[in-house]
Amino acid sequence: MTKPKSVRHTLDSITVKHIGKTIRPGDCVLMRPSDTSKPSYVARVERIEADSRGANVRIYVRWYYRPEESIGGRRQFHSLKEVFLSDHFDYQSVDTVEGKCTVHNFKSYTKLDAVGNDDFFCRFEYNSSTGAFNPDRVAVYCKCEMPYNPDDLMVQCEECSDWFHPICIDMTPEEAKRLDHFFCHNCSSEDQKKLHNSHVSTRHADAKVDTKRRRR
């Protein structure tokens, strides 16, 4: 005889006793990796299930990938707290949950007054099969034309509003922190040109006035 398939029920929440936290669908959690030398996995809880007796609880999760877990690997503009929302879903035992965490959107993350150990951010969705990202383009800054990494110190030009890494403009981080005002090379050049043209125009105006006076 075929063994009847066990019926599983969907739960609205579950209290994970070993961490003393209640998790619900939509929460982000830290999951214990099989290799203890690796950092905790980050996942979003999609569904919580239990058997008919309310035991054997498992969670259906959507994994976040860290940059080093992606096909392209970690790049210069990837933050240490950055994760990618993947298309990889999986069932996991609730016993592998190590704690709750928060995955912010990029804008919210950059506005945090303080970043905690359990704070992460996501600005890309990631296709684990092809290695493709969505969106496939984001704004770039500085002379190096790299996306913004909130881990890195940058200074903003008061004229064009672009952001620059101190090292890209031959400046140390210490020098950048002491700046009261900053104008990038292009804007400084433009300001000098404007100033020069203003002086030339003024001299031309004065010459015309002097000529008119002499004609009198």
# chains A, B, ... in the order shown; residues from 1 in each chain; ligands from 1
>>> residues_around(residues="region 173-188 of chain A", least_positions_apart="3", cutoff="9 Å", atoms="only C-alpha atoms", output="list in words")
Leu153, Met154, Val155, Gln156, Cys157, Glu158, Glu159, Cys160, Asp162, Phe164, His165, Pro166, Ile167, Ile169, Asp191, Gln192 and Lys193 of chain A
>>> select_by_dssp(residues="region 2-172 of chain A", states="alpha helix (DSSP H)", output="list in words")
Phe106, Lys107, Ser108, Tyr109 and Thr110 of chain A
>>> write_last_selection(atoms="C-alpha atoms", output="PDB file, in the first residue's frame")
ATOM      1  CA  PHE A 106      19.287  50.878  -0.155  1.00  0.00           C
ATOM      2  CA  LYS A 107      17.878  54.346   0.535  1.00  0.00           C
ATOM      3  CA  SER A 108      16.706  53.425   4.035  1.00  0.00           C
ATOM      4  CA  TYR A 109      20.042  51.813   4.862  1.00  0.00           C
ATOM      5  CA  THR A 110      22.024  54.918   3.907  1.00  0.00           C
TER       6      THR A 110
END
>>> closest_residue(among="A:Gln76, A:Asn127, A:Asn117, A:Asn56", to="Gln92 (chain A)", atoms="only C-alpha atoms")
A:Asn56
>>> select_by_dssp(residues="region 119-201 of chain A", states="strand (DSSP E)", output="list in words")
Asp119, Phe120, Phe121, Cys122, Glu125, Tyr126, Phe133, Asn134, Val155, Gln156, Trp163 and Phe164 of chain A
>>> closest_atom_pairs(of="region 51-166 of chain A", to="region 16-34 of chain A", cutoff="6 Å", atoms="only C-alpha atoms", output="CSV")
residue,atom,partner,partner_atom,distance
A:Thr96,CA,A:Arg32,CA,5.2
A:Val97,CA,A:Met31,CA,4.6
A:Glu98,CA,A:Leu30,CA,5.3
A:Gly99,CA,A:Leu30,CA,5.2
A:Lys100,CA,A:Val29,CA,4.3
A:Cys101,CA,A:Val29,CA,5.2
A:Thr102,CA,A:Cys28,CA,5.9
>>> closest_residue(among="A:Asp113, A:Ser93, A:Glu82, A:Phe77", to="Val138 (chain A)", atoms="only C-alpha atoms")
A:Phe77
>>> residues_around(residues="Arg66 (chain A)", least_positions_apart="4", cutoff="8 Å", atoms="only C-alpha atoms", output="ChimeraX atom specification")
/A:70,82-84
>>> closest_residue(among="A:Phe89, A:Tyr64, A:Tyr141, A:Tyr148", to="Phe124 (chain A)", atoms="only C-alpha atoms")
A:Tyr64
>>> atom_distance(atom1="CA of Glu125 (chain A)", atom2="CA of Leu85 (chain A)")
4.7 Å
>>> residues_around(residues="Ser52 (chain A)", least_positions_apart="4", cutoff="10 Å", atoms="only C-alpha atoms", output="VMD selection string")
chain A and resid 6 to 9 56
>>> write_last_selection(atoms="C-alpha atoms", output="compact mmCIF listing (two decimals), in the first residue's frame")
# COMPACT_ATOMS: atom_id res chain seq x y z
CA SER A 6 1.14 13.64 5.61
CA VAL A 7 -0.97 16.77 5.74
CA ARG A 8 0.88 19.94 6.61
CA HIS A 9 -0.63 23.16 7.87
CA ASN A 56 8.13 19.15 12.68
>>> atom_distance(atom1="CA of Cys122 (chain A)", atom2="CA of Thr10 (chain A)")
27.6 Å
>>> closest_residue(among="A:Asp119, A:Glu49, A:Asp95, A:Glu68", to="Lys81 (chain A)", atoms="only C-alpha atoms")
A:Asp119
>>> atom_distance(atom1="CA of Val61 (chain A)", atom2="CA of Ser13 (chain A)")
13.8 Å
